[in-house]
file data.cif (mmCIF, C-alpha atoms)
data_protein
#
loop_
_atom_site.label_atom_id
_atom_site.label_comp_id
_atom_site.auth_asym_id
_atom_site.auth_seq_id
_atom_site.Cartn_x
_atom_site.Cartn_y
_atom_site.Cartn_z
CA MET M 1 -26.18 -7.60 18.32
CA SER M 2 -25.29 -11.20 17.58
CA GLU M 3 -27.58 -13.89 19.01
CA PHE M 4 -24.60 -15.87 20.28
CA CYS M 5 -22.71 -14.17 23.11
CA GLY M 6 -20.63 -17.06 24.40
CA CYS M 7 -17.17 -18.32 23.60
CA PRO M 8 -16.35 -18.03 19.87
CA GLY M 9 -14.40 -21.25 20.18
CA SER M 10 -17.58 -23.14 21.08
CA ARG M 11 -19.97 -21.33 18.76
CA MET M 12 -22.00 -23.75 16.62
CA LEU M 13 -21.50 -23.32 12.87
CA GLU M 14 -22.31 -25.45 9.85
CA PHE M 15 -20.35 -24.96 6.65
CA GLN M 16 -21.93 -25.40 3.21
CA GLN M 17 -20.18 -28.36 1.62
CA GLU M 18 -19.02 -27.81 -1.93
CA ASP M 19 -18.66 -30.90 -4.08
CA THR M 20 -15.13 -30.76 -5.44
CA PRO M 21 -13.09 -33.48 -7.13
CA GLU M 22 -10.45 -33.09 -4.41
CA GLY M 23 -13.04 -34.01 -1.82
CA GLY M 24 -13.92 -37.29 -3.50
CA ALA M 25 -13.42 -40.48 -1.55
CA GLU M 26 -11.29 -41.98 -4.33
CA VAL M 27 -8.44 -39.48 -3.82
CA ARG M 28 -5.71 -40.91 -1.61
CA ILE M 29 -3.40 -38.47 0.15
CA ALA M 30 -0.34 -40.04 1.69
CA SER M 31 0.26 -39.27 5.36
CA GLN M 32 3.31 -37.13 6.07
CA LEU M 33 3.40 -38.16 9.72
CA ARG M 34 6.81 -39.63 10.53
CA GLN M 35 6.59 -40.28 14.27
CA TRP M 36 4.48 -41.45 17.17
CA PRO M 37 3.36 -40.24 19.68
CA ILE M 38 2.25 -36.74 18.76
CA GLN M 39 0.39 -35.34 21.80
CA LEU M 40 2.58 -32.75 23.53
CA HIS M 41 2.32 -34.46 26.94
CA LEU M 42 3.51 -37.70 25.39
CA VAL M 43 6.29 -36.64 23.05
CA SER M 44 9.90 -36.71 24.23
CA PRO M 45 12.28 -33.90 23.27
CA GLU M 46 14.99 -36.55 23.27
CA ALA M 47 13.36 -38.48 20.44
CA PRO M 48 15.67 -38.70 17.42
CA TYR M 49 13.10 -37.23 15.05
CA PHE M 50 13.14 -33.93 16.97
CA GLN M 51 16.91 -33.43 16.93
CA GLY M 52 17.69 -30.39 14.76
CA ALA M 53 14.23 -30.67 13.19
CA ASP M 54 11.71 -28.17 12.00
CA VAL M 55 8.84 -28.78 14.39
CA LEU M 56 5.15 -28.09 13.97
CA LEU M 57 3.18 -27.42 17.14
CA ALA M 58 -0.41 -27.62 15.96
CA ALA M 59 -3.66 -26.96 17.74
CA ASP M 60 -5.69 -30.17 17.92
CA CYS M 61 -8.35 -28.81 15.55
CA ALA M 62 -5.98 -27.59 12.83
CA ALA M 63 -5.47 -30.87 11.01
CA PHE M 64 -9.25 -31.34 10.71
CA ALA M 65 -9.86 -27.82 9.43
CA MET M 66 -7.08 -27.77 6.84
CA GLY M 67 -7.74 -29.98 3.83
CA ASN M 68 -4.10 -30.19 2.81
CA PHE M 69 -2.61 -30.23 6.31
CA HIS M 70 -0.23 -33.11 5.60
CA ASN M 71 1.31 -31.80 2.38
CA GLU M 72 1.35 -28.09 3.13
CA HIS M 73 2.13 -27.99 6.83
CA LEU M 74 3.32 -31.33 8.20
CA LYS M 75 5.62 -32.53 5.41
CA GLY M 76 9.24 -32.69 6.57
CA LYS M 77 8.47 -31.64 10.15
CA GLY M 78 8.34 -33.21 13.58
CA LEU M 79 4.89 -32.83 15.18
CA ALA M 80 3.37 -32.08 18.55
CA ILE M 81 -0.32 -31.29 19.09
CA ALA M 82 -2.11 -29.69 22.00
CA CYS M 83 -5.24 -27.79 22.95
CA PRO M 84 -4.56 -24.69 25.03
CA LYS M 85 -8.21 -24.50 26.07
CA LEU M 86 -8.92 -28.00 27.30
CA ASP M 87 -5.58 -29.62 28.14
CA GLY M 88 -4.40 -29.71 31.76
CA GLY M 89 -0.86 -29.43 33.08
CA GLN M 90 0.19 -26.68 30.73
CA GLU M 91 3.25 -25.77 32.85
CA ALA M 92 4.66 -29.03 31.55
CA TYR M 93 3.99 -27.81 28.02
CA VAL M 94 6.20 -24.76 28.56
CA ALA M 95 8.98 -26.95 29.97
CA LYS M 96 8.67 -29.38 27.07
CA ILE M 97 8.78 -26.69 24.38
CA LYS M 98 11.79 -25.17 26.14
CA ALA M 99 13.45 -28.59 26.05
CA LEU M 100 12.79 -28.77 22.31
CA PHE M 101 14.68 -25.49 21.93
CA GLU M 102 17.54 -26.33 24.28
CA LYS M 103 17.99 -30.11 24.23
CA ALA M 104 16.60 -31.18 20.87
CA ARG M 105 18.15 -28.01 19.38
CA ILE M 106 15.31 -27.80 16.89
CA ASN M 107 15.85 -25.64 13.81
CA THR M 108 12.49 -23.83 13.84
CA LEU M 109 9.11 -24.04 15.57
CA THR M 110 5.89 -23.34 13.67
CA VAL M 111 2.86 -22.84 15.89
CA LEU M 112 -0.31 -23.50 13.91
CA ILE M 113 -3.49 -22.33 15.62
CA MET M 114 -7.13 -21.72 14.79
CA GLN M 115 -8.55 -18.24 14.60
CA VAL M 116 -10.67 -18.62 17.75
CA PRO M 117 -9.34 -16.52 20.65
CA CYS M 118 -8.67 -19.43 23.02
CA CYS M 119 -6.21 -20.93 20.53
CA HIS M 120 -3.80 -18.03 20.96
CA GLY M 121 -2.90 -19.59 24.31
CA LEU M 122 -0.72 -22.02 22.37
CA VAL M 123 1.32 -19.13 20.97
CA ALA M 124 1.58 -17.72 24.48
CA LEU M 125 3.00 -21.04 25.73
CA ALA M 126 5.60 -21.09 22.94
CA THR M 127 6.50 -17.45 23.58
CA GLU M 128 6.96 -18.12 27.29
CA ALA M 129 9.16 -21.12 26.53
CA LEU M 130 11.25 -19.09 24.07
CA ARG M 131 11.66 -16.26 26.57
CA GLY M 132 12.94 -18.71 29.17
CA SER M 133 15.19 -20.61 26.78
CA SER M 134 18.92 -20.09 26.73
CA ARG M 135 18.89 -20.94 23.03
CA LYS M 136 16.92 -18.78 20.61
CA VAL M 137 15.07 -20.38 17.70
CA PRO M 138 12.91 -18.84 14.97
CA VAL M 139 9.25 -19.27 15.94
CA ARG M 140 6.52 -18.71 13.41
CA CYS M 141 2.82 -18.34 14.15
CA MET M 142 0.22 -19.36 11.57
CA VAL M 143 -3.47 -18.71 12.09
CA ALA M 144 -6.03 -20.83 10.23
CA SER M 145 -9.63 -19.92 9.63
CA LEU M 146 -12.39 -22.29 10.67
CA LYS M 147 -12.54 -23.36 7.02
CA GLY M 148 -8.83 -24.09 6.91
CA GLU M 149 -7.39 -21.08 5.06
CA VAL M 150 -4.22 -19.44 6.32
CA LEU M 151 -5.33 -16.03 7.60
CA GLN M 152 -2.01 -14.81 8.92
CA GLU M 153 1.58 -15.89 9.37
CA ASP M 154 4.19 -14.01 11.31
CA TRP M 155 7.59 -14.72 12.74
CA LEU M 156 7.61 -13.86 16.44
CA MET F 1 5.27 -8.35 -24.11
CA GLU F 2 7.38 -11.36 -23.18
CA ARG F 3 10.38 -9.70 -24.84
CA PHE F 4 9.93 -6.60 -22.69
CA LEU F 5 9.49 -8.66 -19.53
CA GLN F 6 12.91 -10.19 -20.20
CA SER F 7 14.58 -6.78 -20.67
CA PRO F 8 16.70 -4.90 -18.09
CA ILE F 9 14.65 -2.10 -16.56
CA LYS F 10 17.22 0.63 -17.20
CA ASP F 11 17.20 -0.15 -20.92
CA LEU F 12 13.41 -0.06 -20.98
CA ILE F 13 13.22 3.25 -19.09
CA GLY F 14 15.84 4.62 -21.48
CA ARG F 15 13.68 3.67 -24.47
CA PHE F 16 10.34 4.50 -22.81
CA PRO F 17 10.88 7.20 -20.15
CA ALA F 18 7.18 7.17 -19.20
CA LEU F 19 7.74 3.74 -17.64
CA GLY F 20 9.73 5.35 -14.82
CA THR F 21 6.75 7.46 -13.79
CA ILE F 22 4.38 4.50 -14.05
CA LEU F 23 6.62 2.36 -11.84
CA GLU F 24 6.85 5.17 -9.28
CA ASP F 25 3.04 5.21 -9.07
CA TYR F 26 3.34 1.71 -7.60
CA ALA F 27 6.23 2.66 -5.26
CA ILE F 28 8.72 0.85 -7.51
CA GLY F 29 11.76 3.10 -7.42
CA CYS F 30 13.82 1.86 -10.39
CA VAL F 31 14.51 5.34 -11.80
CA PRO F 32 17.16 6.39 -9.24
CA CYS F 33 18.73 2.91 -9.16
CA SER F 34 22.30 3.24 -10.32
CA VAL F 35 22.51 -0.27 -11.75
CA GLY F 36 19.13 -1.08 -13.31
CA THR F 37 19.95 -4.50 -14.70
CA CYS F 38 16.93 -6.21 -13.07
CA LEU F 39 14.52 -7.70 -15.56
CA LEU F 40 11.02 -6.23 -15.71
CA ARG F 41 9.56 -9.67 -14.96
CA ASP F 42 11.61 -10.00 -11.76
CA ILE F 43 10.75 -6.46 -10.68
CA VAL F 44 7.03 -7.13 -10.95
CA GLU F 45 7.38 -10.34 -8.95
CA ILE F 46 9.76 -8.95 -6.33
CA HIS F 47 7.48 -6.04 -5.43
CA ASN F 48 4.63 -8.40 -4.54
CA LEU F 49 1.80 -6.16 -5.75
CA SER F 50 -1.78 -7.22 -5.22
CA PRO F 51 -3.21 -9.10 -8.25
CA GLY F 52 -5.34 -6.05 -9.13
CA ASP F 53 -2.43 -3.62 -8.97
CA GLU F 54 -0.20 -5.98 -10.94
CA GLU F 55 -2.77 -6.32 -13.70
CA GLU F 56 -3.26 -2.55 -13.84
CA LEU F 57 0.51 -1.91 -13.87
CA MET F 58 1.11 -4.41 -16.66
CA GLY F 59 -1.74 -2.89 -18.66
CA ARG F 60 -0.21 0.59 -18.34
CA ILE F 61 3.23 -0.73 -19.30
CA ALA F 62 1.77 -2.52 -22.33
CA ALA F 63 0.05 0.72 -23.43
CA VAL F 64 3.47 2.43 -23.45
CA VAL F 65 5.65 -0.26 -25.02
CA ALA F 66 3.06 -1.53 -27.52
CA PRO F 67 0.53 1.30 -28.00
CA GLY F 68 -2.68 0.41 -29.78
CA GLN F 69 -1.84 -3.30 -29.84
CA ALA F 70 -3.69 -6.07 -28.10
CA VAL F 71 -1.05 -7.84 -25.99
CA ALA F 72 -1.34 -10.84 -23.74
CA ILE F 73 -0.36 -9.83 -20.23
CA PRO F 74 1.27 -12.71 -18.36
CA ARG F 75 0.96 -13.04 -14.61
CA SER F 76 4.05 -13.27 -12.44
CA GLY F 77 2.94 -16.76 -11.39
CA ARG F 78 3.88 -16.47 -7.75
CA ASP F 79 1.75 -18.07 -5.03
CA ARG F 80 -1.13 -15.65 -4.62
CA ALA F 81 -2.31 -17.10 -1.34
CA ALA F 82 1.12 -16.62 0.21
CA GLY F 83 1.52 -13.17 -1.29
CA ALA F 84 -1.81 -12.05 0.07
CA SER F 85 -1.04 -12.71 3.71
CA LYS F 86 1.19 -10.31 5.56
CA VAL F 87 4.53 -11.83 6.55
CA SER F 88 6.87 -9.96 8.89
CA TYR F 89 10.67 -10.21 8.65
CA SER F 90 11.94 -13.62 9.66
CA PRO F 91 14.38 -13.64 12.61
CA PRO F 92 17.57 -13.78 10.45
CA MET F 93 16.27 -10.88 8.35
CA LYS F 94 15.49 -8.95 11.53
CA MET F 95 19.14 -9.38 12.52
CA LEU F 96 20.28 -7.85 9.23
CA VAL F 97 17.75 -5.02 9.47
CA GLU F 98 19.03 -4.24 12.99
CA GLU F 99 22.57 -4.05 11.59
CA HIS F 100 21.27 -1.69 8.90
CA ARG F 101 19.98 0.61 11.64
CA ARG F 102 23.48 0.89 13.10
CA ILE F 103 25.04 1.50 9.69
CA LEU F 104 22.44 4.20 8.93
CA ARG F 105 23.17 5.87 12.28
CA PHE F 106 26.78 6.13 11.09
CA VAL F 107 25.77 7.31 7.60
CA ALA F 108 23.61 10.06 9.16
CA LEU F 109 26.76 11.40 10.83
CA ILE F 110 28.80 11.64 7.61
CA PRO F 111 27.85 15.30 6.90
CA ALA F 112 28.98 16.30 10.41
CA LEU F 113 32.06 14.09 10.16
CA THR F 114 33.14 15.65 6.87
CA ALA F 115 32.38 19.27 7.78
CA GLY F 116 35.72 20.99 8.40
CA LEU F 117 37.60 17.74 7.82
CA ASP F 118 41.09 17.68 9.35
CA VAL F 119 43.49 15.60 7.24
CA GLU F 120 46.65 17.13 8.68
CA SER F 121 46.72 16.48 12.41
CA GLY F 122 47.21 13.03 13.86
CA GLU F 123 43.91 13.30 15.73
CA GLY F 124 41.98 14.32 12.61
CA ARG F 125 43.48 11.51 10.55
CA GLU F 126 42.78 9.03 13.33
CA ARG F 127 39.10 10.02 13.28
CA ILE F 128 38.92 9.35 9.54
CA LEU F 129 40.66 5.99 9.92
CA ASP F 130 38.26 5.01 12.72
CA ALA F 131 35.35 5.73 10.39
CA VAL F 132 36.97 3.65 7.64
CA ASP F 133 37.53 0.86 10.14
CA PHE F 134 33.82 0.91 11.06
CA ILE F 135 32.83 0.68 7.39
CA ARG F 136 35.33 -2.02 6.53
CA SER F 137 35.02 -4.14 9.65
CA TYR F 138 31.38 -3.73 10.66
CA ALA F 139 29.46 -2.76 7.52
CA ASP F 140 31.53 -4.83 5.12
CA ARG F 141 33.42 -7.69 6.78
CA PHE F 142 30.68 -8.44 9.32
CA HIS F 143 27.36 -7.40 7.71
CA HIS F 144 27.98 -7.68 3.97
CA ALA F 145 29.86 -10.92 4.46
CA LYS F 146 26.77 -12.41 6.17
CA GLU F 147 24.77 -11.42 3.13
CA GLU F 148 27.25 -12.52 0.48
CA ASP F 149 28.49 -15.75 2.07
CA LEU F 150 25.32 -16.99 3.76
CA LEU F 151 22.09 -15.28 2.65
CA PHE F 152 22.72 -14.81 -1.06
CA ALA F 153 24.03 -18.39 -1.23
CA CYS F 154 20.43 -19.57 -0.67
CA PHE F 155 19.46 -18.16 -4.06
CA ASP F 156 20.57 -18.50 -7.67
CA GLU F 157 23.72 -16.40 -7.85
CA GLY F 158 22.84 -15.30 -11.37
CA LEU F 159 19.72 -13.42 -10.22
CA GLU F 160 19.90 -9.81 -11.37
CA ILE F 161 18.61 -8.47 -8.06
CA LEU F 162 21.57 -10.10 -6.30
CA GLN F 163 23.98 -8.77 -8.91
CA VAL F 164 22.61 -5.27 -8.24
CA MET F 165 23.22 -5.65 -4.50
CA LEU F 166 26.73 -7.02 -5.04
CA GLU F 167 27.46 -4.11 -7.33
CA ASP F 168 26.38 -1.72 -4.55
CA HIS F 169 28.77 -3.49 -2.17
CA ARG F 170 31.57 -3.17 -4.72
CA ARG F 171 30.90 0.53 -5.30
CA GLY F 172 30.92 1.11 -1.54
CA ARG F 173 34.34 -0.56 -1.31
CA VAL F 174 35.65 1.67 -4.12
CA CYS F 175 34.53 4.75 -2.16
CA VAL F 176 36.30 3.56 0.99
CA GLN F 177 39.49 2.96 -0.97
CA GLY F 178 38.98 6.47 -2.39
CA VAL F 179 38.88 7.87 1.16
CA LEU F 180 42.16 6.17 2.03
CA ASP F 181 43.87 7.23 -1.19
CA ALA F 182 42.75 10.84 -0.70
CA LEU F 183 43.84 10.76 2.92
CA GLY F 184 47.28 9.67 1.74
CA ARG F 185 47.39 12.76 -0.47
CA ARG F 186 45.94 14.91 2.36
CA ASP F 187 43.13 15.86 0.00
CA ALA F 188 40.26 16.81 2.33
CA GLY F 189 37.84 17.51 -0.53
CA GLU F 190 38.23 14.03 -2.01
CA VAL F 191 38.01 12.36 1.41
CA SER F 192 34.76 14.21 1.98
CA ARG F 193 33.41 13.43 -1.51
CA ASN F 194 34.11 9.71 -1.17
CA PHE F 195 32.51 9.55 2.29
CA SER F 196 29.43 11.35 0.98
CA GLU F 197 29.16 9.08 -2.04
CA TYR F 198 29.48 6.06 0.24
CA GLY F 199 26.64 7.44 2.38
CA GLU F 200 24.41 7.92 -0.66
CA ILE F 201 25.12 4.42 -1.99
CA LEU F 202 24.47 2.77 1.37
CA THR F 203 21.29 4.75 2.09
CA GLU F 204 19.73 3.69 -1.19
CA HIS F 205 21.15 0.16 -0.92
CA ILE F 206 19.68 -0.38 2.54
CA ARG F 207 16.30 0.98 1.45
CA LYS F 208 16.25 -1.51 -1.43
CA GLU F 209 17.16 -4.38 0.87
CA ASP F 210 14.76 -3.52 3.70
CA GLU F 211 11.76 -2.72 1.52
CA ILE F 212 12.19 -5.04 -1.44
CA LEU F 213 14.92 -7.65 -1.28
CA TYR F 214 14.47 -9.02 2.24
CA PRO F 215 10.64 -9.31 2.04
CA TRP F 216 11.03 -11.07 -1.31
CA MET F 217 13.67 -13.40 0.13
CA ASP F 218 11.45 -14.14 3.12
CA ARG F 219 8.68 -15.15 0.76
CA ASN F 220 11.03 -17.54 -1.02
CA LEU F 221 13.12 -19.04 1.79
CA THR F 222 11.92 -22.36 3.17
CA THR F 223 11.30 -22.71 6.90
CA ARG F 224 14.37 -24.95 6.99
CA GLN F 225 16.54 -22.25 5.42
CA VAL F 226 15.26 -19.60 7.84
CA GLY F 227 16.29 -21.73 10.83
CA GLU F 228 19.69 -22.54 9.33
CA LEU F 229 20.40 -18.89 8.48
CA PHE F 230 19.43 -17.83 11.99
CA ALA F 231 21.88 -20.36 13.47
CA ARG F 232 24.68 -19.37 11.08
CA PHE F 233 24.17 -15.64 11.67
CA GLY F 234 24.21 -16.37 15.41
CA ALA F 235 27.54 -18.16 15.04
CA VAL F 236 29.00 -15.15 13.18
CA ASP F 237 27.67 -12.84 15.92
CA GLU F 238 29.39 -14.99 18.56
CA THR F 239 32.77 -14.56 16.91
CA PHE F 240 32.15 -10.82 16.49
CA LEU F 241 30.66 -10.18 19.93
CA GLU F 242 33.42 -8.00 21.38
CA ALA F 243 33.94 -6.09 18.14
CA GLY F 244 30.19 -5.55 17.86
CA GLN F 245 30.15 -3.87 21.26
CA ARG F 246 33.16 -1.75 20.27
CA TYR F 247 31.50 -0.53 17.07
CA GLU F 248 28.26 0.26 18.90
CA ALA F 249 30.33 2.35 21.29
CA PHE F 250 32.05 4.00 18.29
CA VAL F 251 28.74 5.07 16.70
CA ALA F 252 27.31 6.18 20.05
CA GLY F 253 30.49 8.19 20.64
CA LEU F 254 30.16 9.93 17.26
CA GLU F 255 26.51 10.71 18.01
CA ALA F 256 27.45 12.16 21.37
CA ARG F 257 30.16 14.24 19.73
CA TYR F 258 28.23 15.57 16.75
CA LEU F 259 24.52 15.35 17.59
CA ASP F 260 24.85 16.55 21.17
CA ALA F 261 27.08 19.40 20.00
CA LYS F 262 24.45 20.32 17.41
CA ALA F 263 21.70 20.26 20.06
CA GLU F 264 23.86 22.49 22.25
CA VAL F 265 24.15 25.04 19.42
CA VAL F 266 20.36 24.98 18.89
CA ARG F 267 19.80 25.62 22.61
#

call {"tool": "encode", "arguments": {"input": "data.cif", "output": "structure tokens"}}
result
Amino acid sequence: MSEFCGCPGSRMLEFQQEDTPEGGAEVRIASQLRQWPIQLHLVSPEAPYFQGADVLLAADCAAFAMGNFHNEHLKGKGLAIACPKLDGGQEAYVAKIKALFEKARINTLTVLIMQVPCCHGLVALATEALRGSSRKVPVRCMVASLKGEVLQEDWL
Amino acid sequence: MERFLQSPIKDLIGRFPALGTILEDYAIGCVPCSVGTCLLRDIVEIHNLSPGDEEELMGRIAAVVAPGQAVAIPRSGRDRAAGASKVSYSPPMKMLVEEHRRILRFVALIPALTAGLDVESGEGRERILDAVDFIRSYADRFHHAKEEDLLFACFDEGLEILQVMLEDHRRGRVCVQGVLDALGRRDAGEVSRNFSEYGEILTEHIRKEDEILYPWMDRNLTTRQVGELFARFGAVDETFLEAGQRYEAFVAGLEARYLDAKAEVVR
């Protein structure tokens, strides 16, 4: 039996750091962020950068876990971030995602979550919004490992 | 090896028949394909084998086409990380696969439809014309047009795999014209033969699309393209809504007529 029996999302882990050229401080990676704000409570579905856009709804932790988050996942997309475990007022999240489908008429929604069980709540919020939306949009779920690799991607 | 990778598969199987058996070991069904113009390189890439299987397959192919020679085996070069993770059909592909299900339900009824075919009475001829209308309006004008005008347009039109699919569409149309011509001559045997050939072409064609083409396309479409295709397919569905319901009723009616009658006989 494992020593740790609590929430996998809070389990303490330390990763061995490999010294790679890509990790060097001298490498500059340009930000692909093209908007502000980004927190889901703060973003407006009426913002011009969401209209007809491909939108990334990322778990708060994802950008820190994934070394090439900007180039591989954010590039060319509108962004909203949220934490389905810690954030309050999640009914508003469902309404806001639904407004992205219906009012902003977004092209696609990619929900990027971590592999920990609590993160799947973000997919559940998007699914609930899609179910209640009068306009259907392709929604894709991507699951990242704690070390930032894509473990799974599926269209809902 | 490079020369063989750039060769059409039918030519290669013709020269080296053992290749057909080797490909079948990896669930690559090129032997029964009626066209066979896909290049070996594209076939290896399109089937998305694991790196280990691909290396083994290429080694076995090399042993057949260049026995006893040391040959460099190139890799297909596709994104291994993406290929390794399981990706389900995207929503626009799901729409096409759903349409395939309806077409296959019709195809499954062709043997019953053509048994004791009546090309003389008005009622019998009407039944044949209704079936032709389903093929032409639903399978071809609605479904194949989505593929040809919207989906295939996302890819290089010169790709052999697309040419193979278009050739299947063309052969299907020839069969349907054959049904109408034979009906005009009141030739029940030819009507039946053309329907059956159409069913065989479509069954194999749909298998190729569901199992090989669509997964490959999904791996190569951008997220942007997936969303745009979904919206465009939705717009086509809107214009076809009433007809779609009519053709669903048509297939359900045939099933009730032929399958229920068959079940009655079994009871």

call {"tool": "closest_residue", "arguments": {"input": "data.cif", "among": "M:Ser31, M:Asn68, M:Thr110, M:Gln90", "to": "M:Cys141", "atoms": "only C-alpha atoms"}}
result
M:Thr110

call {"tool": "closest_residue", "arguments": {"input": "data.cif", "among": "F:Ile135, F:Ala145, F:Ile201, F:Met93", "to": "chain M", "atoms": "only C-alpha atoms"}}
result
F:Met93

call {"tool": "resolve_selection", "arguments": {"input": "data.cif", "expression": "the PyMOL selection byres ((chain F and resi 128) around 9)", "output": "PyMOL selection string"}}
result
chain F and resi 113-114+117-119+123-127+129-133+179-180+183+191

call {"tool": "residues_around", "arguments": {"input": "data.cif", "residues": "M:Ile113", "least_positions_apart": "6", "cutoff": "10 Å", "atoms": "only C-alpha atoms", "output": "MDAnalysis selection string"}}
result
chainID M and resid 57:63 82:84 119:123 141:145 150

call {"tool": "atom_distance", "arguments": {"input": "data.cif", "atom1": "atom CA of M:Leu56", "atom2": "atom CA of M:Ala129"}}
result
14.9 Å

call {"tool": "residues_around", "arguments": {"input": "data.cif", "residues": "M:Leu109", "least_positions_apart": "2", "cutoff": "10 Å", "atoms": "only C-alpha atoms", "output": "ChimeraX atom specification"}}
result
/M:53-57,77-79,97,100-101,106-107,111-112,126,137-141,155 /F:223,227

call {"tool": "write_last_selection", "arguments": {"input": "data.cif", "atoms": "C-alpha atoms", "output": "mmCIF file, keeping the file's coordinate frame"}}
result
data_model
loop_
_atom_site.group_PDB
_atom_site.id
_atom_site.type_symbol
_atom_site.label_atom_id
_atom_site.label_comp_id
_atom_site.auth_asym_id
_atom_site.auth_seq_id
_atom_site.Cartn_x
_atom_site.Cartn_y
_atom_site.Cartn_z
ATOM 1 C CA ALA M 53 14.230 -30.670 13.190
ATOM 2 C CA ASP M 54 11.710 -28.170 12.000
ATOM 3 C CA VAL M 55 8.840 -28.780 14.390
ATOM 4 C CA LEU M 56 5.150 -28.090 13.970
ATOM 5 C CA LEU M 57 3.180 -27.420 17.140
ATOM 6 C CA LYS M 77 8.470 -31.640 10.150
ATOM 7 C CA GLY M 78 8.340 -33.210 13.580
ATOM 8 C CA LEU M 79 4.890 -32.830 15.180
ATOM 9 C CA ILE M 97 8.780 -26.690 24.380
ATOM 10 C CA LEU M 100 12.790 -28.770 22.310
ATOM 11 C CA PHE M 101 14.680 -25.490 21.930
ATOM 12 C CA ILE M 106 15.310 -27.800 16.890
ATOM 13 C CA ASN M 107 15.850 -25.640 13.810
ATOM 14 C CA VAL M 111 2.860 -22.840 15.890
ATOM 15 C CA LEU M 112 -0.310 -23.500 13.910
ATOM 16 C CA ALA M 126 5.600 -21.090 22.940
ATOM 17 C CA VAL M 137 15.070 -20.380 17.700
ATOM 18 C CA PRO M 138 12.910 -18.840 14.970
ATOM 19 C CA VAL M 139 9.250 -19.270 15.940
ATOM 20 C CA ARG M 140 6.520 -18.710 13.410
ATOM 21 C CA CYS M 141 2.820 -18.340 14.150
ATOM 22 C CA TRP M 155 7.590 -14.720 12.740
ATOM 23 C CA THR F 223 11.300 -22.710 6.900
ATOM 24 C CA GLY F 227 16.290 -21.730 10.830
#

call {"tool": "atom_distance", "arguments": {"input": "data.cif", "atom1": "atom CA of F:Ser196", "atom2": "atom CA of F:His169"}}
result
15.2 Å

call {"tool": "resolve_selection", "arguments": {"input": "data.cif", "expression": "the PyMOL selection byres ((chain F and resi 234-243) around 9)", "output": "JSON, numbers by chain"}}
result
{"F": [92, 137, 138, 142, 146, 229, 230, 231, 232, 233, 244, 245, 246, 247, 248]}

call {"tool": "residues_around", "arguments": {"input": "data.cif", "residues": "M:Cys118", "least_positions_apart": "6", "cutoff": "9 Å", "atoms": "only C-alpha atoms", "output": "VMD selection string"}}
result
chain M and resid 7 to 9 84 to 85

call {"tool": "write_last_selection", "arguments": {"input": "data.cif", "atoms": "C-alpha atoms", "output": "short mmCIF file (atom, residue, chain, number, x, y, z; two decimals), keeping the file's coordinate frame"}}
result
data_model
loop_
_atom_site.label_atom_id
_atom_site.label_comp_id
_atom_site.auth_asym_id
_atom_site.auth_seq_id
_atom_site.Cartn_x
_atom_site.Cartn_y
_atom_site.Cartn_z
CA CYS M 7 -17.17 -18.32 23.60
CA PRO M 8 -16.35 -18.03 19.87
CA GLY M 9 -14.40 -21.25 20.18
CA PRO M 84 -4.56 -24.69 25.03
CA LYS M 85 -8.21 -24.50 26.07
#

call {"tool": "atom_distance", "arguments": {"input": "data.cif", "atom1": "atom CA of M:Glu128", "atom2": "atom CA of M:Gly76"}}
result
25.4 Å

call {"tool": "residues_around", "arguments": {"input": "data.cif", "residues": "F:Glu211", "least_positions_apart": "2", "cutoff": "12 Å", "atoms": "all atoms listed in the file", "output": "PyMOL selection string"}}
result
chain F and resi 27-29+46-48+88-89+93+97+204-209+213-218

call {"tool": "residues_around", "arguments": {"input": "data.cif", "residues": "M:Ala104", "least_positions_apart": "6", "cutoff": "10 Å", "atoms": "all atoms listed in the file", "output": "PyMOL selection string"}}
result
chain M and resi 44-53+97-98

call {"tool": "write_last_selection", "arguments": {"input": "data.cif", "atoms": "C-alpha atoms", "output": "PDB file, keeping the file's coordinate frame"}}
result
ATOM      1  CA  SER M  44       9.900 -36.710  24.230  1.00  0.00           C
ATOM      2  CA  PRO M  45      12.280 -33.900  23.270  1.00  0.00           C
ATOM      3  CA  GLU M  46      14.990 -36.550  23.270  1.00  0.00           C
ATOM      4  CA  ALA M  47      13.360 -38.480  20.440  1.00  0.00           C
ATOM      5  CA  PRO M  48      15.670 -38.700  17.420  1.00  0.00           C
ATOM      6  CA  TYR M  49      13.100 -37.230  15.050  1.00  0.00           C
ATOM      7  CA  PHE M  50      13.140 -33.930  16.970  1.00  0.00           C
ATOM      8  CA  GLN M  51      16.910 -33.430  16.930  1.00  0.00           C
ATOM      9  CA  GLY M  52      17.690 -30.390  14.760  1.00  0.00           C
ATOM     10  CA  ALA M  53      14.230 -30.670  13.190  1.00  0.00           C
ATOM     11  CA  ILE M  97       8.780 -26.690  24.380  1.00  0.00           C
ATOM     12  CA  LYS M  98      11.790 -25.170  26.140  1.00  0.00           C
TER      13      LYS M  98
END

call {"tool": "resolve_selection", "arguments": {"input": "data.cif", "expression": "the PyMOL selection byres ((chain M and resi 135) around 9)", "output": "PyMOL selection string"}}
result
chain M and resi 98+101-102+105+130+132-134+136-137

call {"tool": "write_last_selection", "arguments": {"input": "data.cif", "atoms": "C-alpha atoms", "output": "compact mmCIF listing (two decimals), in the frame of the given file"}}
result
# COMPACT_ATOMS: atom_id res chain seq x y z
CA LYS M 98 11.79 -25.17 26.14
CA PHE M 101 14.68 -25.49 21.93
CA GLU M 102 17.54 -26.33 24.28
CA ARG M 105 18.15 -28.01 19.38
CA LEU M 130 11.25 -19.09 24.07
CA GLY M 132 12.94 -18.71 29.17
CA SER M 133 15.19 -20.61 26.78
CA SER M 134 18.92 -20.09 26.73
CA LYS M 136 16.92 -18.78 20.61
CA VAL M 137 15.07 -20.38 17.70
